[in-house]
$ cat structure_7.txt   # compact mmCIF, C-alpha atoms
# COMPACT_ATOMS: atom_id res chain seq x y z
CA MET H 1 7.23 17.48 15.09
CA LYS H 2 3.71 18.79 14.45
CA GLN H 3 1.22 16.29 15.86
CA PHE H 4 -2.23 15.19 14.76
CA ILE H 5 -4.56 17.64 16.52
CA HIS H 6 -7.90 15.84 16.26
CA THR H 7 -9.20 13.69 19.09
CA HIS H 8 -11.44 10.66 19.44
CA ASP H 9 -14.35 12.90 20.53
CA ASN H 10 -14.29 15.25 17.54
CA ILE H 11 -13.74 12.41 15.06
CA ILE H 12 -16.58 10.21 16.30
CA THR H 13 -19.77 12.03 15.32
CA ILE H 14 -23.01 10.91 13.68
CA GLU H 15 -22.35 13.26 10.77
CA LYS H 16 -18.91 11.81 10.09
CA LEU H 17 -20.16 8.24 10.39
CA LEU H 18 -22.86 9.00 7.81
CA LYS H 19 -20.26 10.56 5.52
CA ALA H 20 -18.11 7.43 5.93
CA TRP H 21 -21.18 5.33 5.09
CA GLN H 22 -21.69 7.26 1.84
CA GLU H 23 -18.04 6.73 0.89
CA PHE H 24 -18.25 3.05 1.73
CA LEU H 25 -21.51 2.59 -0.21
CA ARG H 26 -20.03 3.40 -3.62
CA ASP H 27 -20.31 0.41 -6.00
CA LYS H 28 -21.62 -1.81 -3.16
CA LYS H 29 -25.37 -1.09 -3.18
CA GLY H 30 -26.37 -4.51 -4.54
CA ARG H 31 -24.44 -6.63 -2.02
CA LYS H 32 -26.49 -8.64 0.46
CA ASP H 33 -24.66 -7.58 3.63
CA VAL H 34 -24.89 -3.92 2.58
CA ILE H 35 -28.64 -4.20 1.86
CA LEU H 36 -29.24 -5.77 5.29
CA PHE H 37 -27.26 -3.01 7.03
CA GLN H 38 -29.04 -0.30 5.06
CA ALA H 39 -32.48 -1.70 5.98
CA LYS H 40 -31.90 -0.40 9.54
CA LEU H 41 -29.32 2.23 8.67
CA MET H 42 -29.90 4.82 11.40
CA ASP H 43 -30.29 2.19 14.12
CA ASN H 44 -27.01 0.60 13.03
CA ILE H 45 -25.22 3.97 12.80
CA PHE H 46 -26.41 5.01 16.27
CA ASP H 47 -25.39 1.64 17.73
CA LEU H 48 -21.91 2.03 16.22
CA TYR H 49 -21.72 5.64 17.43
CA ASN H 50 -22.65 4.68 21.01
CA ASP H 51 -20.15 1.81 21.11
CA LEU H 52 -17.39 4.09 19.86
CA LYS H 53 -18.26 6.95 22.22
CA ASN H 54 -18.54 4.65 25.25
CA LYS H 55 -15.41 2.68 24.25
CA THR H 56 -17.40 -0.55 24.25
CA TYR H 57 -16.67 -1.07 20.55
CA LYS H 58 -15.14 -4.41 19.57
CA HIS H 59 -14.05 -5.11 16.01
CA GLY H 60 -15.78 -8.11 14.44
CA SER H 61 -14.27 -11.12 12.72
CA TYR H 62 -13.18 -11.35 9.09
CA THR H 63 -14.36 -13.43 6.16
CA ALA H 64 -11.42 -14.84 4.21
CA PHE H 65 -11.37 -15.65 0.49
CA ASN H 66 -8.65 -16.21 -2.10
CA ILE H 67 -7.84 -14.35 -5.30
CA SER H 68 -5.24 -15.07 -7.98
CA ASP H 69 -4.46 -11.80 -9.72
CA PRO H 70 -1.66 -12.19 -10.53
CA LYS H 71 -0.46 -14.43 -7.69
CA PRO H 72 -2.51 -16.22 -5.01
CA ARG H 73 -3.47 -13.95 -2.13
CA GLN H 74 -5.86 -14.28 0.79
CA ILE H 75 -8.20 -11.32 1.26
CA HIS H 76 -9.89 -10.70 4.60
CA LYS H 77 -13.21 -8.84 4.50
CA ALA H 78 -14.55 -7.13 7.62
CA THR H 79 -18.23 -6.62 8.41
CA VAL H 80 -20.11 -3.62 6.99
CA ARG H 81 -20.17 -2.01 10.44
CA ASP H 82 -16.39 -2.27 10.79
CA ARG H 83 -15.70 -1.13 7.27
CA ILE H 84 -17.66 2.08 7.90
CA LEU H 85 -15.29 2.75 10.78
CA HIS H 86 -12.33 1.97 8.51
CA HIS H 87 -13.55 4.63 6.08
CA LEU H 88 -13.97 7.14 8.91
CA ILE H 89 -10.45 6.52 10.22
CA TYR H 90 -9.02 6.78 6.70
CA GLN H 91 -10.85 10.05 6.02
CA GLU H 92 -9.66 11.63 9.26
CA LEU H 93 -6.04 10.46 9.23
CA TYR H 94 -5.11 10.41 5.54
CA GLU H 95 -4.41 14.10 4.94
CA TYR H 96 -2.22 14.50 8.03
CA PHE H 97 -0.08 11.42 7.42
CA ASP H 98 0.12 11.91 3.65
CA SER H 99 1.73 15.29 4.31
CA LYS H 100 4.50 13.46 6.23
CA PHE H 101 5.32 11.01 3.43
CA ILE H 102 8.15 11.54 0.96
CA TYR H 103 7.32 12.54 -2.59
CA ASP H 104 8.51 9.25 -4.11
CA SER H 105 6.22 6.91 -2.17
CA TYR H 106 3.53 5.93 -4.68
CA SER H 107 1.30 3.17 -3.27
CA CYS H 108 -2.30 3.92 -2.21
CA ARG H 109 -1.93 7.70 -2.33
CA ILE H 110 -4.11 10.28 -4.04
CA ASN H 111 -2.59 11.47 -7.34
CA LYS H 112 0.13 8.81 -7.20
CA GLY H 113 -0.08 5.16 -8.35
CA THR H 114 1.87 2.80 -10.60
CA HIS H 115 1.82 4.99 -13.73
CA LYS H 116 3.28 7.96 -11.86
CA ALA H 117 5.91 5.65 -10.32
CA ILE H 118 7.08 4.16 -13.63
CA ASN H 119 7.22 7.60 -15.23
CA ARG H 120 9.31 8.80 -12.30
CA PHE H 121 11.58 5.78 -12.82
CA ARG H 122 12.11 6.83 -16.45
CA SER H 123 12.84 10.43 -15.36
CA PHE H 124 15.40 9.22 -12.79
CA PHE H 125 17.07 7.01 -15.40
CA ARG H 126 17.51 9.96 -17.75
CA LYS H 127 19.09 12.06 -14.99
CA VAL H 128 21.44 9.32 -13.72
CA SER H 129 22.49 8.25 -17.21
CA LYS H 130 22.77 11.84 -18.43
CA ASN H 131 20.33 11.09 -21.24
CA ASN H 132 21.69 7.59 -21.79
CA THR H 133 25.31 8.67 -22.23
CA GLN H 134 26.48 6.91 -19.04
CA THR H 135 25.73 3.56 -17.40
CA CYS H 136 22.80 3.56 -14.99
CA TRP H 137 22.72 0.87 -12.29
CA VAL H 138 19.56 -0.12 -10.43
CA LEU H 139 19.24 -1.79 -7.04
CA LYS H 140 15.83 -3.49 -6.97
CA CYS H 141 14.46 -4.91 -3.69
CA ASP H 142 11.33 -6.61 -2.45
CA ILE H 143 10.25 -7.19 1.16
CA LYS H 144 9.43 -10.76 2.15
CA LYS H 145 5.77 -11.39 3.15
CA PHE H 146 5.22 -7.69 3.64
CA PHE H 147 1.66 -7.42 5.03
CA ALA H 148 2.04 -10.59 7.12
CA ASN H 149 5.08 -9.21 8.96
CA ILE H 150 3.92 -5.73 9.99
CA ASP H 151 4.70 -5.64 13.71
CA HIS H 152 1.77 -4.24 15.74
CA ARG H 153 3.92 -3.09 18.65
CA ILE H 154 6.24 -1.08 16.38
CA LEU H 155 3.32 0.39 14.44
CA LYS H 156 1.62 1.52 17.65
CA LYS H 157 4.82 3.26 18.77
CA ILE H 158 4.99 5.07 15.42
CA LEU H 159 1.37 6.19 15.80
CA GLU H 160 2.09 7.42 19.34
CA LYS H 161 4.75 9.78 17.97
CA HIS H 162 2.04 11.55 15.97
CA ILE H 163 -1.15 11.15 18.03
CA ARG H 164 -1.52 12.32 21.63
CA ASP H 165 -5.14 11.45 22.30
CA LYS H 166 -5.24 8.17 24.25
CA ASN H 167 -8.81 7.38 23.25
CA LEU H 168 -7.96 7.69 19.58
CA LEU H 169 -4.93 5.44 20.08
CA TRP H 170 -7.24 2.96 21.82
CA LEU H 171 -9.55 2.99 18.80
CA LEU H 172 -6.68 2.45 16.36
CA SER H 173 -5.49 -0.46 18.52
CA GLN H 174 -8.95 -2.05 18.30
CA VAL H 175 -8.71 -2.03 14.51
CA LEU H 176 -5.06 -3.01 14.41
CA ASP H 177 -5.37 -5.92 16.85
CA SER H 178 -8.52 -7.26 15.16
CA PHE H 179 -6.27 -9.28 12.86
CA SER H 180 -3.00 -11.16 13.06
CA SER H 181 -1.25 -13.49 10.68
CA LYS H 182 1.00 -14.72 13.47
CA ILE H 183 2.15 -14.06 17.02
CA HIS H 184 5.70 -13.01 17.76
CA ILE H 185 7.17 -13.64 21.22
CA TYR H 186 9.93 -11.20 22.17
CA ALA H 187 10.04 -12.58 25.70
CA LEU H 188 7.72 -14.68 27.85
CA ALA H 189 5.87 -11.57 29.02
CA ASP H 190 6.08 -9.70 25.72
CA ILE H 191 3.84 -11.19 23.06
CA CYS H 192 3.10 -9.19 19.93
CA LYS H 193 0.75 -9.69 17.03
CA LYS H 194 1.96 -9.35 13.47
CA GLY H 195 0.24 -8.77 10.16
CA LEU H 196 -2.36 -6.53 8.53
CA PRO H 197 -5.32 -7.84 6.50
CA LEU H 198 -5.20 -7.45 2.74
CA GLY H 199 -8.44 -5.77 1.76
CA ASN H 200 -8.80 -3.30 4.65
CA LEU H 201 -8.83 0.37 3.68
CA THR H 202 -7.01 1.13 6.92
CA SER H 203 -4.26 -1.36 6.02
CA GLN H 204 -3.35 0.70 2.96
CA LEU H 205 -2.73 3.76 5.11
CA LEU H 206 -1.11 1.92 8.02
CA VAL H 207 1.53 0.20 5.85
CA ASN H 208 2.52 3.58 4.42
CA ILE H 209 2.81 5.00 7.94
CA TYR H 210 4.96 2.00 8.87
CA MET H 211 7.19 2.21 5.80
CA ASN H 212 7.54 5.98 6.08
CA GLU H 213 10.10 5.24 8.80
CA PHE H 214 12.17 3.45 6.16
CA ASP H 215 11.56 6.16 3.55
CA GLN H 216 12.80 8.83 5.95
CA PHE H 217 15.88 6.72 6.73
CA MET H 218 16.63 6.42 3.02
CA LYS H 219 16.32 10.15 2.40
CA ARG H 220 17.61 11.67 5.69
CA GLU H 221 20.22 9.17 6.87
CA LEU H 222 21.49 7.53 3.69
CA LYS H 223 20.82 10.64 1.55
CA VAL H 224 19.62 8.52 -1.37
CA LYS H 225 18.52 10.84 -4.15
CA TYR H 226 17.04 8.49 -6.74
CA TYR H 227 14.75 6.25 -4.67
CA ILE H 228 11.19 5.09 -5.47
CA ARG H 229 8.95 2.88 -3.34
CA TYR H 230 5.62 1.28 -4.18
CA ALA H 231 4.36 -0.81 -1.22
CA ASP H 232 7.00 -3.51 -0.68
CA ASP H 233 8.88 -2.89 -3.95
CA PHE H 234 11.58 -0.25 -4.12
CA VAL H 235 14.40 0.78 -6.43
CA ILE H 236 17.50 2.95 -6.14
CA LEU H 237 19.22 4.28 -9.25
CA GLY H 238 22.84 5.35 -9.41
CA PRO H 239 25.89 5.61 -11.70
CA ASN H 240 28.08 3.37 -9.53
CA ARG H 241 27.48 -0.32 -8.82
CA MET H 242 29.79 -0.35 -5.79
CA CYS H 243 27.82 2.41 -4.06
CA LEU H 244 24.64 0.36 -4.42
CA GLU H 245 26.41 -2.75 -3.12
CA ASN H 246 27.64 -0.80 -0.10
CA ILE H 247 24.20 0.57 0.71
CA LEU H 248 22.43 -2.79 0.62
CA PRO H 249 23.63 -4.08 4.05
CA LYS H 250 22.54 -0.80 5.66
CA ILE H 251 19.09 -1.17 4.14
CA SER H 252 18.79 -4.75 5.31
CA LYS H 253 19.96 -3.89 8.83
CA PHE H 254 17.48 -1.03 9.25
CA LEU H 255 14.55 -3.12 8.04
CA GLU H 256 15.41 -6.02 10.32
CA GLU H 257 16.30 -4.04 13.45
CA LYS H 258 13.77 -1.19 13.29
CA LEU H 259 10.80 -2.70 11.46
CA LYS H 260 11.30 -6.48 11.86
CA LEU H 261 11.12 -6.92 8.08
CA GLN H 262 13.38 -8.88 5.74
CA LEU H 263 14.37 -8.44 2.13
CA HIS H 264 13.27 -11.29 -0.12
CA PRO H 265 16.54 -13.13 -0.89
CA ASP H 266 15.38 -14.13 -4.39
CA LYS H 267 14.14 -10.67 -5.36
CA VAL H 268 17.17 -8.47 -4.71
CA PHE H 269 19.44 -7.62 -7.62
CA ILE H 270 21.70 -4.94 -9.07
CA LYS H 271 21.50 -4.59 -12.87
CA THR H 272 21.88 -2.05 -15.62
CA ILE H 273 18.94 -0.65 -17.53
CA ALA H 274 20.34 -2.26 -20.68
CA SER H 275 19.63 -5.72 -19.22
CA GLY H 276 16.02 -4.82 -18.42
CA ILE H 277 14.63 -3.87 -14.98
CA ASP H 278 11.42 -5.61 -13.89
CA PHE H 279 9.53 -3.04 -11.81
CA LEU H 280 5.77 -2.68 -11.20
CA GLY H 281 4.67 -5.05 -13.94
CA TRP H 282 6.89 -3.57 -16.66
CA VAL H 283 10.36 -4.45 -17.89
CA HIS H 284 12.21 -1.15 -18.33
CA PHE H 285 14.91 -0.50 -20.93
CA ALA H 286 16.74 2.68 -21.92
CA HIS H 287 14.31 3.75 -24.66
CA HIS H 288 11.17 1.75 -23.98
CA ARG H 289 9.32 -0.52 -21.57
CA VAL H 290 7.30 -3.67 -22.19
CA LEU H 291 4.88 -5.67 -20.10
CA ARG H 292 6.14 -8.75 -18.27
CA THR H 293 5.63 -11.96 -20.25
CA SER H 294 3.48 -13.38 -17.43
CA THR H 295 1.28 -10.27 -17.50
CA LYS H 296 0.81 -10.56 -21.28
CA ARG H 297 -0.20 -14.22 -20.99
CA ARG H 298 -2.69 -13.46 -18.22
CA MET H 299 -4.24 -10.63 -20.25
CA LEU H 300 -4.68 -12.80 -23.35
CA LYS H 301 -6.16 -15.64 -21.27
CA ASN H 302 -8.62 -13.31 -19.53
CA VAL H 303 -9.72 -11.77 -22.82
CA GLY H 304 -10.19 -15.23 -24.35
CA ASP H 305 -12.16 -16.51 -21.36
CA ASP H 306 -14.37 -13.49 -20.73
CA PRO H 307 -14.06 -10.66 -23.29
CA LYS H 308 -16.00 -7.92 -21.48
CA PRO H 309 -15.79 -4.48 -23.15
CA GLU H 310 -14.73 -2.79 -19.88
CA THR H 311 -11.93 -5.35 -19.43
CA ILE H 312 -10.69 -4.75 -22.98
CA GLN H 313 -10.65 -0.98 -22.50
CA SER H 314 -8.85 -1.32 -19.17
CA TYR H 315 -6.14 -3.51 -20.74
CA LEU H 316 -5.73 -1.25 -23.76
CA GLY H 317 -5.41 1.74 -21.43
CA LEU H 318 -2.70 -0.03 -19.44
CA ILE H 319 -0.83 -1.09 -22.58
CA GLY H 320 -0.84 2.54 -23.75
CA HIS H 321 1.70 3.36 -21.03
CA GLY H 322 4.38 1.27 -22.73
CA ASN H 323 5.54 -0.21 -26.01
CA SER H 324 3.12 -3.08 -26.60
CA TYR H 325 1.56 -2.44 -30.02
CA GLU H 326 1.58 -6.13 -30.99
CA LEU H 327 -0.14 -7.12 -27.75
CA ALA H 328 -2.84 -4.48 -28.31
CA GLU H 329 -3.48 -5.92 -31.77
CA LYS H 330 -3.78 -9.47 -30.37
CA ILE H 331 -6.29 -8.34 -27.71
CA GLN H 332 -8.40 -6.49 -30.26
CA LYS H 333 -8.40 -9.54 -32.58
CA LEU H 334 -9.51 -11.82 -29.73
CA TYR H 335 -12.29 -9.41 -28.83
CA ASN H 336 -13.49 -8.89 -32.40
$ encode --input "structure_7.txt" --output "structure tokens"
Amino acid sequence: MKQFIHTHDNIITIEKLLKAWQEFLRDKKGRKDVILFQAKLMDNIFDLYNDLKNKTYKHGSYTAFNISDPKPRQIHKATVRDRILHHLIYQELYEYFDSKFIYDSYSCRINKGTHKAINRFRSFFRKVSKNNTQTCWVLKCDIKKFFANIDHRILKKILEKHIRDKNLLWLLSQVLDSFSSKIHIYALADICKKGLPLGNLTSQLLVNIYMNEFDQFMKRELKVKYYIRYADDFVILGPNRMCLENILPKISKFLEEKLKLQLHPDKVFIKTIASGIDFLGWVHFAHHRVLRTSTKRRMLKNVGDDPKPETIQSYLGLIGHGNSYELAEKIQKLYN
């Protein structure tokens, strides 16, 4: 396997830290912590550079806050100094690891996203159903408490398969071990942290690196042709219900044994397209798709509470990807 050729020494430079700062700065110029950091920008950059070069760098603590869009989540925000490093790591590692990912992984990847994923779902349905002339079955799965259960020890071993440089692995460990949602004890002398912080740029890349092990298993070992994954949601399409039922225990076993993850028992089902498949915010049918009822209600409430023009345009753009003409009319009436 071709390995990542860059090292800690050629990644950690003043020039690259300044480039990471510029990337980080987008849409954040008015924030208090950013203004304070920028007031002594070069001093702060040189301090960070020296700590990284001398391996005296220690990741700071996080500030936690809650959001509810659409469900309650706790976001953990790192300091400006640490987030600059996150951007640098992301910039340096993304291209290499993205080239290792399967085509049908769609979360947090350039030129991918939810719209590409749902269009791919529709394309797969047409192929499996032979243009809706045969029954298409869908196995839909969701991983339980996904970010909270990412095992640091397993993730480090995955990174070691790709990265030789010990200093770079040390740096990635500093970022990885800066957060844990819980501690897992394998044995008295073997304690491992679990969990990645929602909100970290590095978390978006690291969960894809972690789940690429599962993606490769699906494609190389199980030879699943019609498979799509977006973060912790994934679907498999096929013409035979029994084949999907037979594959489910193998999926569950791999996740539990290799990645210490579990399927959500209430979010696993096998259904036909005719009954409607809830995937990535849309309910998919043979000839159309509609937004989830809960998503519609949240949109209408948000428009009624705070009808900002940019919010309206964003919602109308989203609705344009499905069959929701009546909802678009309601939103425009509320706004006008």
$ closest_atom_pairs --input "structure_7.txt" --of "range 191-222 of chain H" --to "range 137-152 of chain H" --cutoff "8 Å" --atoms "all atoms listed in the file" --output "Markdown table"
| residue | atom | partner | partner_atom | distance |
| --- | --- | --- | --- | --- |
| H:Cys192 | CA | H:His152 | CA | 6.6 |
| H:Lys193 | CA | H:His152 | CA | 5.7 |
| H:Lys194 | CA | H:Asp151 | CA | 4.6 |
| H:Gly195 | CA | H:Ala148 | CA | 4.0 |
| H:Leu196 | CA | H:Phe147 | CA | 5.4 |
| H:Pro197 | CA | H:Phe147 | CA | 7.1 |
| H:Leu198 | CA | H:Phe147 | CA | 7.2 |
| H:Val207 | CA | H:Ile150 | CA | 7.6 |
| H:Tyr210 | CA | H:Ile150 | CA | 7.9 |
$ write_last_selection --input "structure_7.txt" --atoms "C-alpha atoms" --output "short mmCIF file (atom, residue, chain, number, x, y, z; two decimals), keeping the file's coordinate frame"
data_model
loop_
_atom_site.label_atom_id
_atom_site.label_comp_id
_atom_site.auth_asym_id
_atom_site.auth_seq_id
_atom_site.Cartn_x
_atom_site.Cartn_y
_atom_site.Cartn_z
CA CYS H 192 3.10 -9.19 19.93
CA LYS H 193 0.75 -9.69 17.03
CA LYS H 194 1.96 -9.35 13.47
CA GLY H 195 0.24 -8.77 10.16
CA LEU H 196 -2.36 -6.53 8.53
CA PRO H 197 -5.32 -7.84 6.50
CA LEU H 198 -5.20 -7.45 2.74
CA VAL H 207 1.53 0.20 5.85
CA TYR H 210 4.96 2.00 8.87
#
$ atom_distance --input "structure_7.txt" --atom1 "CA of Phe234 in chain H" --atom2 "CA of Phe279 in chain H"
8.4 Å
$ atom_distance --input "structure_7.txt" --atom1 "CA of Asn111 in chain H" --atom2 "CA of Leu176 in chain H"
26.2 Å
$ residues_around --input "structure_7.txt" --residues "Ile277 in chain H" --least-positions-apart "3" --cutoff "12 Å" --atoms "all atoms listed in the file" --output "MDAnalysis selection string"
chainID H and resid 118 121:122 125 136:141 234:237 267:274 280:286 288:292
$ atom_distance --input "structure_7.txt" --atom1 "CA of Asp9 in chain H" --atom2 "CA of Leu88 in chain H"
13.0 Å
$ residues_around --input "structure_7.txt" --residues "range 98-103 of chain H" --least-positions-apart "4" --cutoff "12 Å" --atoms "all atoms listed in the file" --output "ChimeraX atom specification"
/H:1-4,90-94,107-113,116-117,120,162,204-220,225-230
$ residues_around --input "structure_7.txt" --residues "range 79-87 of chain H" --least-positions-apart "6" --cutoff "7 Å" --atoms "only C-alpha atoms" --output "list in words"
Ala20, Trp21, Phe24, Asp33, Val34, His59, Gly60, Tyr62, Leu201 and Thr202 of chain H
$ write_last_selection --input "structure_7.txt" --atoms "C-alpha atoms" --output "PDB file, keeping the file's coordinate frame"
ATOM      1  CA  ALA H  20     -18.110   7.430   5.930  1.00  0.00           C
ATOM      2  CA  TRP H  21     -21.180   5.330   5.090  1.00  0.00           C
ATOM      3  CA  PHE H  24     -18.250   3.050   1.730  1.00  0.00           C
ATOM      4  CA  ASP H  33     -24.660  -7.580   3.630  1.00  0.00           C
ATOM      5  CA  VAL H  34     -24.890  -3.920   2.580  1.00  0.00           C
ATOM      6  CA  HIS H  59     -14.050  -5.110  16.010  1.00  0.00           C
ATOM      7  CA  GLY H  60     -15.780  -8.110  14.440  1.00  0.00           C
ATOM      8  CA  TYR H  62     -13.180 -11.350   9.090  1.00  0.00           C
ATOM      9  CA  LEU H 201      -8.830   0.370   3.680  1.00  0.00           C
ATOM     10  CA  THR H 202      -7.010   1.130   6.920  1.00  0.00           C
TER      11      THR H 202
END
$ residues_around --input "structure_7.txt" --residues "Asn246 in chain H" --least-positions-apart "5" --cutoff "12 Å" --atoms "only C-alpha atoms" --output "MDAnalysis selection string"
chainID H and resid 139 222 240:241 251:252 270
$ closest_residue --input "structure_7.txt" --among "H:Leu41, H:Ala231, H:Leu52, H:Leu159" --to "Leu25 in chain H" --atoms "all atoms listed in the file"
H:Leu41
